[in-house]
Amino acid sequence: MFALDGIDAADRSRATAGAGQIVADSSHLIMLLADITLLSLSGFFAGMVNAIAGGGTFLTFGALTLVGLPPISANATSSITQFPGYVTSTLAYWHDLRRIWRSAMLLGVMSAIGSAGGALILLALSNPSFRSMVPWLLLAATALFAAGPWLKPKGTVRTGKEESASPFALVLQLLTSIYGGFFGAGMGVMMLATLGLTQSGDYHRLNALKNLFAAIIAAVAIVVFVGGGVVAWPEALVMIPAVAFGGYAGVWTARRVPQVAVRVVVVAIGLLLAVYYFAQG
C-alpha cells in the first residue's frame, strides 16, 4: 500500500512537473511570438515613415528596448536595421553623386572618423550611464525632428564647378557624425541642416550628400558595434526585412498620406518614449 502510494505520488509529481513545463514552454512561445510581432511591425512602420518623413529610429530603438534589450545593444541593433535604407537611398541618388564625388570625399572621411568616435564613446559607457542619457537624447532628437520642415535648407544657385569643403564644413560634419555614431535619431535632419549652411546647390544635391554620409556613418558604426559584441543578431534579422518591406510600402503611402500626419505621429512616439524612459528612471 505504501509502495503504491509512493508510486502514485511520484507519478503525480512527474505529471505536475510535466504540466508545469508545458505551461512554461507555451508561455515562452507566446512571448517569443509577441516579440517577433512587435519587432516586425515596428520595423515595417519604421521603413514606411523613413520613406515618407524620416524618424524610423524612434520606432526601432523603442521596440528593441521594449523586448528587453539593454539600451546600448538596442541602439547598436537599431543602426543595423536602418542601414539598408541608407544604402538604397544613396543608390537612388548615384547619378547626382557621381558628379560631385570629389567635393564629397573629405566630408565622407570626416563622417567615418566622427562615426567611429561616437560609436566608441557609446561602447565606453555602461548601460546604466547610457540609459540615463536616453530620455534627454530622445527629447533632443524629437525636437530636431519636429523642427525639420523649418530646418530644410533653401537651394542656392550652383556655380557650375565643384566646391571644396571648407574647414567650417568639415568641423560641422565631424560633430554631426559623432552624434550619428553615438545615437543617430534625428541625424538626417541635423545633417541636412548643417549641409545647408556650408554647401551650395539645390535640395536634391544636399539630400544626396546627406544619404551618402548617413550610409558611411552607419557602416562605420556597425563595424565598431559588431567588434564590440553588442549587436543582437536575432532581433536584427527579424527587423531588417520588415524595414525593407516598409520602405517599399512607404513609397505607395507617401502618395496618399500627408507628411504632416506622419510627422505628428513620429513626434508623439518620440515624446512618449522620452516620458517612458524618464518614468523608468
# chains A, B, ... in the order shown; residues from 1 in each chain; ligands from 1

call {"tool": "residues_around", "arguments": {"residues": "segment 52-59 of chain A", "least_positions_apart": "6", "cutoff": "7 Å", "atoms": "only C-alpha atoms", "output": "count of residues only"}}
result
12

call {"tool": "select_by_dssp", "arguments": {"residues": "segment 114-264 of chain A", "states": "helix (DSSP H, G or I)", "output": "PyMOL selection string"}}
result
chain A and resi 114-124+127-146+148-151+167-182+187-198+203-227+233-254+259-264

call {"tool": "atom_distance", "arguments": {"atom1": "atom CA of Arg102 of chain A", "atom2": "atom CA of Ser177 of chain A"}}
result
19.3 Å

call {"tool": "atom_distance", "arguments": {"atom1": "atom CA of Ala221 of chain A", "atom2": "atom CA of Gly180 of chain A"}}
result
8.4 Å

call {"tool": "residues_around", "arguments": {"residues": "Asp35 of chain A", "least_positions_apart": "6", "cutoff": "10 Å", "atoms": "only C-alpha atoms", "output": "ChimeraX atom specification"}}
result
/A:29,41,63-64,66-68,235,238

call {"tool": "residues_around", "arguments": {"residues": "segment 111-117 of chain A", "least_positions_apart": "3", "cutoff": "7 Å", "atoms": "only C-alpha atoms", "output": "PyMOL selection string"}}
result
chain A and resi 107-108+120-121+173-175+177-178+180-181+213+216-217+220-221+224

call {"tool": "write_last_selection", "arguments": {"atoms": "N, CA and C atoms", "output": "PDB file, in the first residue's frame"}}
result
ATOM      1  N   LEU A 107      34.432  65.313 -46.817  1.00  0.00           N
ATOM      2  CA  LEU A 107      33.305  65.229 -45.885  1.00  0.00           C
ATOM      3  C   LEU A 107      32.981  63.775 -45.546  1.00  0.00           C
ATOM      4  N   GLY A 108      33.173  62.885 -46.513  1.00  0.00           N
ATOM      5  CA  GLY A 108      32.961  61.469 -46.253  1.00  0.00           C
ATOM      6  C   GLY A 108      33.985  60.917 -45.270  1.00  0.00           C
ATOM      7  N   LEU A 120      32.560  54.521 -30.471  1.00  0.00           N
ATOM      8  CA  LEU A 120      33.487  54.118 -29.410  1.00  0.00           C
ATOM      9  C   LEU A 120      33.124  54.767 -28.082  1.00  0.00           C
ATOM     10  N   ILE A 121      32.659  56.012 -28.134  1.00  0.00           N
ATOM     11  CA  ILE A 121      32.192  56.679 -26.908  1.00  0.00           C
ATOM     12  C   ILE A 121      31.018  55.904 -26.310  1.00  0.00           C
ATOM     13  N   GLN A 173      30.494  68.653 -40.017  1.00  0.00           N
ATOM     14  CA  GLN A 173      30.227  67.266 -40.404  1.00  0.00           C
ATOM     15  C   GLN A 173      30.807  66.298 -39.389  1.00  0.00           C
ATOM     16  N   LEU A 174      31.965  66.631 -38.829  1.00  0.00           N
ATOM     17  CA  LEU A 174      32.569  65.781 -37.798  1.00  0.00           C
ATOM     18  C   LEU A 174      31.657  65.694 -36.575  1.00  0.00           C
ATOM     19  N   LEU A 175      31.143  66.840 -36.118  1.00  0.00           N
ATOM     20  CA  LEU A 175      30.281  66.861 -34.941  1.00  0.00           C
ATOM     21  C   LEU A 175      28.978  66.101 -35.187  1.00  0.00           C
ATOM     22  N   SER A 177      28.559  63.690 -37.284  1.00  0.00           N
ATOM     23  CA  SER A 177      28.878  62.267 -37.417  1.00  0.00           C
ATOM     24  C   SER A 177      29.133  61.618 -36.061  1.00  0.00           C
ATOM     25  N   ILE A 178      29.734  62.374 -35.134  1.00  0.00           N
ATOM     26  CA  ILE A 178      29.926  61.846 -33.776  1.00  0.00           C
ATOM     27  C   ILE A 178      28.573  61.532 -33.154  1.00  0.00           C
ATOM     28  N   GLY A 180      25.830  60.925 -34.826  1.00  0.00           N
ATOM     29  CA  GLY A 180      25.249  59.809 -35.577  1.00  0.00           C
ATOM     30  C   GLY A 180      25.793  58.463 -35.143  1.00  0.00           C
ATOM     31  N   GLY A 181      27.099  58.382 -34.881  1.00  0.00           N
ATOM     32  CA  GLY A 181      27.678  57.135 -34.415  1.00  0.00           C
ATOM     33  C   GLY A 181      27.278  56.806 -32.996  1.00  0.00           C
ATOM     34  N   PHE A 213      26.487  60.299 -46.701  1.00  0.00           N
ATOM     35  CA  PHE A 213      27.189  60.395 -45.418  1.00  0.00           C
ATOM     36  C   PHE A 213      26.494  59.569 -44.339  1.00  0.00           C
ATOM     37  N   ILE A 216      27.677  56.078 -44.763  1.00  0.00           N
ATOM     38  CA  ILE A 216      29.051  55.929 -44.257  1.00  0.00           C
ATOM     39  C   ILE A 216      29.045  55.873 -42.733  1.00  0.00           C
ATOM     40  N   ILE A 217      28.300  56.786 -42.108  1.00  0.00           N
ATOM     41  CA  ILE A 217      28.225  56.835 -40.641  1.00  0.00           C
ATOM     42  C   ILE A 217      27.688  55.519 -40.089  1.00  0.00           C
ATOM     43  N   VAL A 220      30.299  52.510 -40.602  1.00  0.00           N
ATOM     44  CA  VAL A 220      31.418  52.539 -39.661  1.00  0.00           C
ATOM     45  C   VAL A 220      30.944  52.186 -38.252  1.00  0.00           C
ATOM     46  N   ALA A 221      29.811  52.742 -37.849  1.00  0.00           N
ATOM     47  CA  ALA A 221      29.274  52.444 -36.516  1.00  0.00           C
ATOM     48  C   ALA A 221      28.972  50.956 -36.374  1.00  0.00           C
ATOM     49  N   VAL A 224      32.104  48.996 -35.675  1.00  0.00           N
ATOM     50  CA  VAL A 224      32.515  49.168 -34.276  1.00  0.00           C
ATOM     51  C   VAL A 224      31.616  48.359 -33.350  1.00  0.00           C
TER      52      VAL A 224
END
